[in-house]
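Structure below is target04.tsv: TSV, C-alpha atoms and all ligand atoms.
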chain	number	residue	atom	x	y	z
A	1	MET	CA	95.54	155.43	48.27
A	2	PRO	CA	98.24	158.13	48.29
A	3	LYS	CA	101.35	156.98	46.46
A	4	ALA	CA	104.45	156.48	48.59
A	5	ASN	CA	107.08	158.87	47.34
A	6	LEU	CA	109.98	156.49	47.06
A	7	ASP	CA	112.16	159.12	45.41
A	8	GLN	CA	111.89	161.51	48.32
A	9	ILE	CA	113.73	159.84	51.16
A	10	ASP	CA	114.85	162.15	53.90
A	11	ARG	CA	118.48	161.36	54.76
A	12	SER	CA	118.17	162.68	58.34
A	13	THR	CA	115.30	160.24	59.01
A	14	LEU	CA	117.47	157.38	57.83
A	15	LEU	CA	120.42	158.54	59.92
A	16	ALA	CA	118.19	158.68	62.99
A	17	ARG	CA	117.23	155.01	62.60
A	18	LYS	CA	118.69	152.67	65.18
A	19	SER	CA	118.38	149.61	62.94
A	20	GLU	CA	121.44	147.69	61.82
A	21	LYS	CA	121.78	149.22	58.37
A	22	TRP	CA	121.95	152.84	59.42
A	23	HIS	CA	123.43	152.50	62.88
A	24	THR	CA	126.40	150.16	62.56
A	25	TYR	CA	128.85	152.53	60.89
A	26	PRO	CA	129.82	156.20	61.42
A	27	ALA	CA	127.47	158.80	59.92
A	28	ASP	CA	129.76	159.60	56.97
A	29	ILE	CA	129.55	156.01	55.73
A	30	LEU	CA	126.79	155.41	53.19
A	31	PRO	CA	125.31	151.97	54.00
A	32	ALA	CA	124.30	149.64	51.15
A	33	TRP	CA	124.81	146.33	52.88
A	34	VAL	CA	122.31	144.50	55.15
A	35	ALA	CA	118.90	143.67	53.59
A	36	GLU	CA	116.80	146.52	54.88
A	37	MET	CA	115.03	148.93	52.53
A	38	ASP	CA	115.22	152.69	52.94
A	39	PHE	CA	111.55	153.16	52.00
A	40	PRO	CA	108.80	154.06	54.48
A	41	VAL	CA	106.55	151.11	55.39
A	42	ALA	CA	103.22	150.48	53.66
A	43	PRO	CA	100.39	152.81	54.80
A	44	SER	CA	98.39	149.81	56.11
A	45	ILE	CA	101.31	148.84	58.38
A	46	ASP	CA	101.92	152.41	59.46
A	47	ARG	CA	98.26	152.75	60.44
A	48	VAL	CA	97.98	149.50	62.36
A	49	LEU	CA	101.18	150.13	64.33
A	50	ARG	CA	100.08	153.64	65.31
A	51	GLU	CA	96.62	152.42	66.30
A	52	SER	CA	98.08	149.62	68.43
A	53	VAL	CA	100.45	151.95	70.26
A	54	ASN	CA	97.67	154.51	70.78
A	55	ARG	CA	95.75	151.96	72.78
A	56	TRP	CA	98.94	150.51	74.32
A	57	ASP	CA	98.05	147.17	72.81
A	58	VAL	CA	101.45	145.68	73.53
A	59	GLY	CA	100.51	142.83	75.82
A	60	TYR	CA	100.83	139.10	75.21
A	61	PRO	CA	99.63	138.00	71.81
A	62	ILE	CA	96.85	135.43	71.97
A	63	ALA	CA	97.89	131.82	71.35
A	64	PRO	CA	99.60	131.72	67.93
A	65	ASN	CA	97.03	129.45	66.35
A	66	ASP	CA	94.17	131.81	67.16
A	67	THR	CA	95.72	134.91	65.63
A	68	GLY	CA	94.31	134.41	62.11
A	69	LEU	CA	97.85	134.60	60.73
A	70	ARG	CA	97.91	130.98	59.58
A	71	GLU	CA	94.71	131.55	57.60
A	72	ALA	CA	96.03	134.83	56.17
A	73	PHE	CA	99.18	132.99	55.03
A	74	ALA	CA	97.07	130.26	53.39
A	75	ARG	CA	94.91	132.84	51.56
A	76	ARG	CA	98.02	134.61	50.35
A	77	MET	CA	99.65	131.43	49.02
A	78	GLU	CA	96.43	130.56	47.17
A	79	ASP	CA	95.94	134.06	45.72
A	80	ARG	CA	99.51	134.77	44.71
A	81	PHE	CA	100.99	131.39	43.90
A	82	ASP	CA	97.96	129.18	43.32
A	83	TRP	CA	99.18	126.96	46.15
A	84	ALA	CA	96.58	125.35	48.40
A	85	VAL	CA	97.87	125.30	51.96
A	86	ASN	CA	96.24	123.83	55.04
A	87	PRO	CA	96.47	126.52	57.77
A	88	GLU	CA	96.75	123.79	60.39
A	89	GLN	CA	100.09	122.80	58.89
A	90	VAL	CA	101.57	126.19	59.67
A	91	GLU	CA	103.61	127.16	62.74
A	92	ILE	CA	104.32	130.75	63.72
A	93	LEU	CA	107.94	131.61	64.46
A	94	THR	CA	109.75	134.83	65.18
A	95	GLU	CA	112.16	134.76	62.25
A	96	VAL	CA	113.10	132.81	59.17
A	97	VAL	CA	116.71	132.32	60.28
A	98	GLN	CA	115.45	130.85	63.55
A	99	GLY	CA	113.36	128.45	61.43
A	100	MET	CA	116.47	127.34	59.54
A	101	TYR	CA	118.39	126.55	62.72
A	102	LEU	CA	115.43	124.73	64.26
A	103	SER	CA	114.83	122.71	61.11
A	104	LEU	CA	118.37	121.35	61.24
A	105	LEU	CA	117.87	120.35	64.88
A	106	ALA	CA	114.60	118.64	63.96
A	107	TYR	CA	115.58	116.86	60.75
A	108	SER	CA	119.24	115.94	61.19
A	109	GLU	CA	121.77	114.85	63.79
A	110	PRO	CA	125.18	116.36	64.54
A	111	GLY	CA	127.69	115.18	61.95
A	112	GLU	CA	125.07	114.62	59.25
A	113	GLY	CA	125.18	116.46	55.95
A	114	VAL	CA	123.27	119.54	54.83
A	115	VAL	CA	123.43	120.78	51.22
A	116	VAL	CA	123.72	124.52	50.67
A	117	GLN	CA	124.07	126.27	47.32
A	118	THR	CA	126.80	128.89	47.46
A	119	PRO	CA	127.17	131.83	47.27
A	120	ILE	CA	124.55	132.08	49.99
A	121	TYR	CA	123.08	134.40	52.61
A	122	ALA	CA	125.53	133.88	55.50
A	123	PRO	CA	123.15	132.37	58.12
A	124	PHE	CA	122.69	129.30	55.89
A	125	LEU	CA	126.37	128.55	56.47
A	126	SER	CA	126.36	129.44	60.16
A	127	ALA	CA	123.22	127.34	60.73
A	128	VAL	CA	125.07	124.27	59.45
A	129	ARG	CA	128.30	125.07	61.28
A	130	GLU	CA	126.82	126.13	64.61
A	131	THR	CA	124.50	123.14	64.90
A	132	GLY	CA	127.45	120.79	64.27
A	133	ARG	CA	126.15	119.56	60.90
A	134	GLU	CA	128.45	118.97	57.92
A	135	LEU	CA	128.34	121.39	55.00
A	136	ARG	CA	127.81	119.79	51.60
A	137	GLU	CA	128.52	122.68	49.28
A	138	ASN	CA	126.93	122.92	45.85
A	139	ARG	CA	128.34	125.97	44.15
A	140	LEU	CA	126.10	127.72	41.63
A	141	THR	CA	127.55	128.18	38.16
A	142	PHE	CA	128.18	131.70	36.90
A	143	ASP	CA	128.63	132.70	33.26
A	144	THR	CA	128.58	136.52	33.61
A	145	LYS	CA	124.96	136.78	32.40
A	146	GLU	CA	123.29	134.26	34.68
A	147	TRP	CA	123.70	132.02	37.67
A	148	GLY	CA	122.70	128.39	37.26
A	149	ILE	CA	122.66	125.02	38.95
A	150	ASP	CA	125.13	122.24	38.14
A	151	PHE	CA	122.82	119.29	38.80
A	152	GLU	CA	125.57	116.70	38.50
A	153	ALA	CA	127.60	118.55	41.11
A	154	LEU	CA	124.50	118.85	43.27
A	155	GLU	CA	123.98	115.12	43.17
A	156	ALA	CA	127.67	114.49	43.77
A	157	SER	CA	127.59	116.66	46.91
A	158	ILE	CA	125.13	114.25	48.53
A	159	ASP	CA	126.34	111.19	50.43
A	160	PRO	CA	124.45	108.62	52.56
A	161	SER	CA	124.75	110.83	55.65
A	162	THR	CA	123.15	113.84	53.93
A	163	ARG	CA	119.71	114.64	55.33
A	164	VAL	CA	118.65	118.16	54.33
A	165	LEU	CA	118.76	120.53	51.39
A	166	LEU	CA	118.68	124.07	52.79
A	167	PHE	CA	117.29	125.81	49.73
A	168	CYS	CA	116.90	129.51	48.94
A	169	ASN	CA	114.47	130.63	46.25
A	170	PRO	CA	114.54	133.41	45.18
A	171	HIS	CA	118.22	133.09	45.87
A	172	ASN	CA	120.20	135.61	47.90
A	173	PRO	CA	122.75	136.96	46.87
A	174	SER	CA	122.59	135.81	43.21
A	175	GLY	CA	119.06	137.16	42.68
A	176	ARG	CA	118.15	133.99	40.77
A	177	VAL	CA	114.50	132.95	40.58
A	178	PHE	CA	114.61	129.28	39.71
A	179	THR	CA	112.45	128.01	36.85
A	180	ARG	CA	110.01	125.11	36.99
A	181	PRO	CA	112.36	122.77	35.04
A	182	GLU	CA	115.18	123.63	37.44
A	183	LEU	CA	112.97	123.02	40.47
A	184	GLU	CA	111.76	119.74	39.00
A	185	SER	CA	115.33	118.56	38.48
A	186	ILE	CA	116.04	119.34	42.13
A	187	CYS	CA	112.91	117.38	43.10
A	188	GLU	CA	114.19	114.29	41.30
A	189	ILE	CA	117.51	114.47	43.15
A	190	VAL	CA	115.80	115.09	46.50
A	191	LEU	CA	113.52	112.09	46.03
A	192	ARG	CA	116.36	109.85	44.86
A	193	HIS	CA	118.37	110.65	47.99
A	194	ASP	CA	115.48	110.84	50.44
A	195	LEU	CA	116.31	114.40	51.56
A	196	ILE	CA	114.17	116.86	53.47
A	197	VAL	CA	113.99	120.29	51.87
A	198	VAL	CA	113.89	123.43	53.95
A	199	SER	CA	112.93	126.12	51.47
A	200	ASP	CA	113.52	129.75	52.42
A	201	GLU	CA	111.12	131.76	50.25
A	202	ILE	CA	111.35	135.08	52.07
A	203	HIS	CA	112.11	136.96	48.83
A	204	SER	CA	109.17	135.46	46.90
A	205	ASP	CA	107.28	138.78	46.66
A	206	LEU	CA	110.26	140.57	45.13
A	207	LEU	CA	110.37	139.30	41.56
A	208	PHE	CA	111.06	141.27	38.37
A	209	ASP	CA	110.16	141.14	34.67
A	210	GLY	CA	106.79	139.50	35.33
A	211	ARG	CA	108.32	136.35	36.81
A	212	ALA	CA	106.11	134.06	38.91
A	213	HIS	CA	107.30	132.46	42.12
A	214	ILE	CA	106.85	128.69	42.36
A	215	PRO	CA	106.77	127.42	45.97
A	216	PHE	CA	108.93	124.32	46.26
A	217	GLY	CA	106.27	122.63	48.38
A	218	SER	CA	103.72	123.05	45.58
A	219	LEU	CA	105.56	120.69	43.23
A	220	GLY	CA	103.48	117.61	44.02
A	221	PRO	CA	102.45	115.54	47.05
A	222	GLU	CA	105.66	113.50	47.25
A	223	ILE	CA	107.74	116.66	47.43
A	224	ALA	CA	105.29	118.43	49.74
A	225	ALA	CA	105.62	115.57	52.22
A	226	ARG	CA	109.32	116.35	52.63
A	227	THR	CA	109.26	120.15	52.38
A	228	MET	CA	109.23	122.77	55.11
A	229	THR	CA	108.73	126.28	53.73
A	230	LEU	CA	109.88	129.37	55.58
A	231	THR	CA	108.73	132.87	54.85
A	232	SER	CA	107.63	136.16	56.38
A	233	ALA	CA	106.50	139.67	55.47
A	234	SER	CA	109.74	141.07	56.85
A	235	LYS	CA	111.72	141.32	53.61
A	236	ALA	CA	109.13	142.46	51.06
A	237	PHE	CA	107.41	144.82	53.51
A	238	ASN	CA	110.58	145.93	55.28
A	239	ILE	CA	109.56	145.07	58.85
A	240	PRO	CA	112.39	142.75	59.99
A	241	GLY	CA	112.52	144.47	63.39
A	242	LEU	CA	109.01	143.24	64.18
A	243	ARG	CA	110.00	139.56	64.32
A	244	CYS	CA	107.23	137.41	62.94
A	245	ALA	CA	107.59	134.53	60.46
A	246	VAL	CA	105.82	131.35	59.40
A	247	ALA	CA	106.84	127.77	58.71
A	248	HIS	CA	104.65	125.56	56.54
A	249	PHE	CA	104.97	121.78	56.62
A	250	GLY	CA	103.83	119.79	53.59
A	251	HIS	CA	102.94	116.85	55.83
A	252	ARG	CA	101.73	116.43	59.40
A	253	LYS	CA	104.58	114.02	60.16
A	254	LEU	CA	107.11	116.68	59.29
A	255	GLN	CA	105.27	119.16	61.52
A	256	ASP	CA	105.07	116.67	64.40
A	257	ARG	CA	108.81	115.99	64.17
A	258	PHE	CA	109.48	119.72	64.28
A	259	ASN	CA	107.14	120.34	67.22
A	260	THR	CA	108.59	117.44	69.19
A	261	ALA	CA	112.18	118.55	68.59
A	262	VAL	CA	111.49	122.23	69.35
A	263	PRO	CA	108.58	122.87	71.70
A	264	ARG	CA	106.83	126.24	71.49
A	265	HIS	CA	108.65	127.98	74.33
A	266	VAL	CA	112.05	126.98	73.00
A	267	ARG	CA	111.15	128.86	69.83
A	268	GLY	CA	110.12	132.02	71.67
A	269	GLY	CA	107.02	133.86	70.65
A	270	MET	CA	106.28	136.46	68.02
A	271	GLY	CA	105.51	139.99	69.21
A	272	ILE	CA	101.98	141.31	68.96
A	273	LEU	CA	103.08	144.27	66.78
A	274	GLY	CA	104.75	141.82	64.39
A	275	LEU	CA	101.49	139.95	64.15
A	276	TYR	CA	99.42	143.07	63.42
A	277	ALA	CA	101.96	144.35	60.90
A	278	THR	CA	102.18	141.02	59.06
A	279	LEU	CA	98.40	140.81	58.76
A	280	ALA	CA	98.26	144.42	57.52
A	281	ALA	CA	101.02	143.67	54.99
A	282	TRP	CA	99.52	140.48	53.61
A	283	GLU	CA	95.89	141.62	53.60
A	284	GLU	CA	96.18	145.28	52.61
A	285	GLY	CA	99.70	145.92	51.34
A	286	HIS	CA	99.28	144.94	47.66
A	287	ASP	CA	99.33	148.42	46.09
A	288	TRP	CA	102.36	149.46	48.10
A	289	LEU	CA	104.18	146.25	47.23
A	290	ASN	CA	103.48	146.63	43.50
A	291	GLU	CA	104.82	150.15	43.57
A	292	VAL	CA	107.95	149.13	45.47
A	293	VAL	CA	108.67	146.17	43.20
A	294	SER	CA	108.43	148.32	40.07
A	295	TYR	CA	110.72	150.91	41.69
A	296	LEU	CA	113.19	148.15	42.59
A	297	GLU	CA	113.03	146.80	39.05
A	298	ARG	CA	113.98	150.21	37.68
A	299	ASN	CA	116.80	150.41	40.25
A	300	ARG	CA	117.93	146.94	39.21
A	301	ASN	CA	118.11	148.16	35.58
A	302	PHE	CA	120.09	151.20	36.68
A	303	VAL	CA	122.56	149.05	38.62
A	304	VAL	CA	123.11	146.64	35.74
A	305	GLU	CA	123.35	149.35	33.07
A	306	THR	CA	125.66	151.55	35.15
A	307	THR	CA	127.89	148.60	35.94
A	308	GLN	CA	128.09	147.54	32.31
A	309	MET	CA	128.72	151.05	31.06
A	310	LYS	CA	131.09	152.44	33.67
A	311	TRP	CA	132.54	149.33	35.20
A	312	PRO	CA	133.12	146.73	32.52
A	313	ALA	CA	135.74	145.18	34.79
A	314	ILE	CA	133.02	144.19	37.27
A	315	ARG	CA	131.01	141.08	36.41
A	316	CYS	CA	127.35	141.10	37.45
A	317	ALA	CA	124.38	138.96	36.43
A	318	SER	CA	121.11	140.87	36.34
A	319	PRO	CA	119.13	139.96	39.50
A	320	GLN	CA	115.76	138.38	38.64
A	321	GLY	CA	114.42	139.11	42.11
A	322	THR	CA	115.46	140.36	45.62
A	323	TYR	CA	117.05	143.80	45.93
A	324	MET	CA	120.63	142.66	45.95
A	325	ALA	CA	123.28	142.83	43.23
A	326	PHE	CA	126.26	140.51	43.64
A	327	LEU	CA	129.30	142.01	41.94
A	328	ASP	CA	132.52	140.22	41.06
A	329	CYS	CA	135.29	142.77	41.59
A	330	SER	CA	138.22	140.35	41.14
A	331	ALA	CA	139.58	142.22	38.12
A	332	LEU	CA	139.91	145.43	40.16
A	333	ASN	CA	142.49	143.85	42.48
A	334	LEU	CA	141.27	145.75	45.53
A	335	ALA	CA	143.07	144.96	48.78
A	336	PRO	CA	142.54	143.73	51.41
A	337	SER	CA	139.07	143.06	49.96
A	338	PRO	CA	136.81	145.06	47.63
A	339	ALA	CA	134.29	145.79	50.42
A	340	ARG	CA	137.07	147.03	52.73
A	341	HIS	CA	138.53	149.12	49.92
A	342	PHE	CA	135.17	150.77	49.12
A	343	TYR	CA	134.66	151.38	52.83
A	344	GLU	CA	138.01	153.05	53.33
A	345	HIS	CA	138.29	154.94	50.05
A	346	GLY	CA	134.63	155.59	49.17
A	347	ARG	CA	133.06	155.73	52.67
A	348	LEU	CA	130.58	153.13	51.41
A	349	ALA	CA	129.48	149.98	53.26
A	350	LEU	CA	128.79	146.98	51.01
A	351	SER	CA	128.56	143.36	52.18
A	352	GLU	CA	131.84	141.42	52.15
A	353	GLY	CA	131.82	138.66	49.54
A	354	ARG	CA	133.58	136.21	51.85
A	355	VAL	CA	130.52	135.87	54.11
A	356	PHE	CA	128.63	134.22	51.22
A	357	GLY	CA	130.99	131.25	51.11
A	358	PRO	CA	134.53	130.25	50.22
A	359	GLY	CA	135.69	131.55	46.85
A	360	PHE	CA	133.67	134.79	46.94
A	361	GLU	CA	136.27	136.94	48.73
A	362	SER	CA	136.56	139.30	45.74
A	363	TRP	CA	132.83	139.90	45.43
A	364	VAL	CA	130.59	142.48	47.10
A	365	ARG	CA	126.83	142.55	47.60
A	366	LEU	CA	125.09	145.84	46.97
A	367	ASN	CA	121.63	146.63	48.37
A	368	PHE	CA	119.70	148.73	45.84
A	369	ALA	CA	116.48	149.21	47.87
A	370	THR	CA	116.89	152.93	48.19
A	371	SER	CA	116.01	156.15	46.34
A	372	ARG	CA	117.58	156.74	42.95
A	373	GLU	CA	119.40	159.71	44.43
A	374	ILE	CA	121.12	157.57	47.07
A	375	LEU	CA	121.77	154.78	44.57
A	376	THR	CA	123.48	157.28	42.28
A	377	GLU	CA	125.63	158.40	45.20
A	378	ILE	CA	126.56	154.78	45.90
A	379	PHE	CA	128.05	154.54	42.41
A	380	GLU	CA	129.74	157.93	42.74
A	381	ARG	CA	131.42	156.73	45.92
A	382	MET	CA	132.53	153.55	44.19
A	383	GLU	CA	134.02	155.67	41.42
A	384	GLN	CA	135.89	157.84	43.90
A	385	ALA	CA	137.46	154.74	45.37
A	386	VAL	CA	138.81	153.16	42.20
A	387	ASP	CA	141.29	154.13	39.56
A	388	PRO	CA	139.10	154.86	36.47
A	389	GLU	CA	141.46	152.91	34.21
A	390	MET	CA	140.94	149.82	36.37
A	391	ALA	CA	137.17	150.21	36.26
A	392	ARG	CA	137.17	150.38	32.46
A	393	LYS	CA	139.50	147.42	32.02
A	394	ALA	CA	137.78	144.61	30.14
A	395	PRO	CA	136.81	141.74	32.44
A	396	PHE	CA	138.82	138.56	32.18
A	397	ALA	CA	137.27	135.89	30.02
A	398	SER	CA	134.54	133.81	31.63
A	399	PRO	CA	135.58	130.29	32.46
A	401	LIG	C1	117.28	134.49	52.22
A	401	LIG	C2	117.01	135.16	53.53
A	401	LIG	N1	116.47	134.47	54.54
A	401	LIG	C3	116.22	135.04	55.75
A	401	LIG	C4	116.51	136.37	55.97
A	401	LIG	C5	116.26	136.96	57.32
A	401	LIG	O1	114.98	136.65	57.74
A	401	LIG	P1	114.59	136.87	59.29
A	401	LIG	O2	114.95	138.27	59.63
A	401	LIG	O3	113.12	136.59	59.31
A	401	LIG	O4	115.38	135.88	60.05
A	401	LIG	C6	117.09	137.13	54.95
A	401	LIG	C7	117.45	138.52	55.19
A	401	LIG	O5	118.07	139.17	54.41
A	401	LIG	C8	117.33	136.51	53.71
A	401	LIG	O6	117.86	137.19	52.69

Do you think you could lay out the structure here as structure tokens?
Amino acid sequence: MPKANLDQIDRSTLLARKSEKWHTYPADILPAWVAEMDFPVAPSIDRVLRESVNRWDVGYPIAPNDTGLREAFARRMEDRFDWAVNPEQVEILTEVVQGMYLSLLAYSEPGEGVVVQTPIYAPFLSAVRETGRELRENRLTFDTKEWGIDFEALEASIDPSTRVLLFCNPHNPSGRVFTRPELESICEIVLRHDLIVVSDEIHSDLLFDGRAHIPFGSLGPEIAARTMTLTSASKAFNIPGLRCAVAHFGHRKLQDRFNTAVPRHVRGGMGILGLYATLAAWEEGHDWLNEVVSYLERNRNFVVETTQMKWPAIRCASPQGTYMAFLDCSALNLAPSPARHFYEHGRLALSEGRVFGPGFESWVRLNFATSREILTEIFERMEQAVDPEMARKAPFASP
């Protein structure tokens, strides 16, 4: 298979994209915000999309259960994570975020509590707010080197009206990949408080340093019975515009509750190109994925080393997975917010820290899924925007 040249990304091709990352801001703004990668898609996806369009195969997809996608998902979970999944306990959705919203409608009532671990990918917070549920916030701990879970605080965030833990593993934006002991401690709390877990595992193919993903639903039958897992090929294979995702239910009862609360046509249907692309990703995309993950790992190292060397004032834990770095810029005192400052003075678009939860207003999230050349320019633009003395200032002591 020819190697994808991830170093050679043509800027004019990116600028011509109409997707959110490259089309939201003026052309002189370098975007490093929303979670899209700048790389070309895997050859297997490229081929299947071209072949489908060549025969104008853009009609109705066959009934979701007959597409073979549920079986492909089950094979993938077995092969990659040693997790035996019954394909009949899988539902096909259009997107993971849709799955989060629907899960709250299915497993809780307005006014009931949902636990979310902040900082968090913004739709976790909007899903709770916009469905009229109550946010039970469990803030991750941060000690400059690593993010962690305060289990006592997690337990304290739960009250008798709390129904769901909306979990993210690997975690966006911290980049944490939770360990088995951590997951087991969460299991104990979940069982003690009779919670349902909705586990967003969309980043599970993007792990570094030889880490292994552990699906939450694989942690034993008692946990499986209360776990709905959401995932898709959209993040790791960079096809979010094709709208196709899956939900796995660790027990039929959980699946029945979901299907009763949200019948198929309320969910909307996946597109046929999303189906073809997801199958091509999961069945034939391994070499491409391995290459991309090792490129991302080297970019991750570059981000962490550059930040430590040139920007000691910025605090950043090394991401263990995902392609996001979450940077604490509090010590730089950038007004009105670091992201706004970098936008105005560096012509660089990073994600605003405030969208990841209260208390993160002085943080920014940086997307490093791009060529090394563009990543280098991202840091150059940051440098342009900040007084060098400020950047070198030692960070304040960790709490
Ligand atoms: C944790 C997480 N879940 C879900 C999504 C979006 O998934 P989808 O486009 O399938 O809704 C993202 C995108 O960045 C994400 O980071």

*Name the closest residue to ligand LIG 401 (chain A) among the candidates A:Leu15, A:Val85, A:Leu93, A:Met228; distances are taken between atoms, counting all atoms listed in the file.*
A:Leu93

*Once you count all atoms listed in the file, which residues end up within 10 Å of ligand LIG 401 (chain A), and could you hand them over as a PyMOL selection string?*
chain A and resi 33-36+93-100+120-124+167-173+199-204+230-235+238-246+322-324

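One finds atom CA of A:Phe237 at 25.4 Å from atom CA of A:Phe379.
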
*So, counting all atoms listed in the file, which residue among A:Tyr343, A:Phe39, A:Trp56, A:Phe302 is closest to A:Thr13?*
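Under the stated criterion, the closest residue is A:Phe39.
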
*Atom-to-atom span, atom CA of A:Leu135 and atom CA of A:Trp363, Å*: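 Atom CA of A:Leu135 sits 21.3 Å away from atom CA of A:Trp363.
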
Would you fill the gaps in stretch 370-391 of chain A so it has N, CA and C atoms, then print it as a short mmCIF file (atom, residue, chain, number, x, y, z; two decimals), keeping the file's coordinate frame?
data_model
loop_
_atom_site.label_atom_id
_atom_site.label_comp_id
_atom_site.auth_asym_id
_atom_site.auth_seq_id
_atom_site.Cartn_x
_atom_site.Cartn_y
_atom_site.Cartn_z
N THR A 370 116.79 151.57 47.70
CA THR A 370 116.89 152.93 48.19
C THR A 370 116.44 153.89 47.10
N SER A 371 116.44 155.19 47.38
CA SER A 371 116.01 156.15 46.34
C SER A 371 117.06 156.18 45.24
N ARG A 372 116.62 156.65 44.06
CA ARG A 372 117.58 156.74 42.95
C ARG A 372 118.71 157.70 43.29
N GLU A 373 118.37 158.73 44.06
CA GLU A 373 119.40 159.71 44.43
C GLU A 373 120.51 159.02 45.25
N ILE A 374 120.11 158.24 46.22
CA ILE A 374 121.12 157.57 47.07
C ILE A 374 121.85 156.49 46.26
N LEU A 375 121.12 155.81 45.40
CA LEU A 375 121.77 154.78 44.57
C LEU A 375 122.84 155.41 43.66
N THR A 376 122.51 156.58 43.13
CA THR A 376 123.48 157.28 42.28
C THR A 376 124.72 157.63 43.10
N GLU A 377 124.49 158.06 44.34
CA GLU A 377 125.63 158.40 45.20
C GLU A 377 126.48 157.15 45.52
N ILE A 378 125.81 156.02 45.64
CA ILE A 378 126.56 154.78 45.90
C ILE A 378 127.58 154.55 44.79
N PHE A 379 127.13 154.74 43.53
CA PHE A 379 128.05 154.54 42.41
C PHE A 379 129.11 155.64 42.35
N GLU A 380 128.73 156.85 42.73
CA GLU A 380 129.74 157.93 42.74
C GLU A 380 130.83 157.60 43.75
N ARG A 381 130.41 157.07 44.89
CA ARG A 381 131.42 156.73 45.92
C ARG A 381 132.30 155.58 45.45
N MET A 382 131.70 154.64 44.72
CA MET A 382 132.53 153.55 44.19
C MET A 382 133.57 154.13 43.22
N GLU A 383 133.11 155.07 42.40
CA GLU A 383 134.02 155.67 41.42
C GLU A 383 135.17 156.40 42.08
N GLN A 384 134.83 157.11 43.15
CA GLN A 384 135.89 157.84 43.90
C GLN A 384 136.97 156.89 44.39
N ALA A 385 136.56 155.67 44.68
CA ALA A 385 137.46 154.74 45.37
C ALA A 385 138.36 153.95 44.43
N VAL A 386 138.08 154.05 43.12
CA VAL A 386 138.81 153.16 42.20
C VAL A 386 139.43 153.96 41.07
N ASP A 387 140.60 153.55 40.70
CA ASP A 387 141.29 154.13 39.56
C ASP A 387 140.41 153.92 38.31
N PRO A 388 140.04 155.01 37.59
CA PRO A 388 139.10 154.86 36.47
C PRO A 388 139.60 153.89 35.40
N GLU A 389 140.92 153.85 35.22
CA GLU A 389 141.46 152.91 34.21
C GLU A 389 141.12 151.48 34.57
N MET A 390 141.24 151.17 35.88
CA MET A 390 140.94 149.82 36.37
C MET A 390 139.48 149.47 36.11
N ALA A 391 138.61 150.46 36.39
CA ALA A 391 137.17 150.21 36.26
C ALA A 391 136.80 149.90 34.82
#
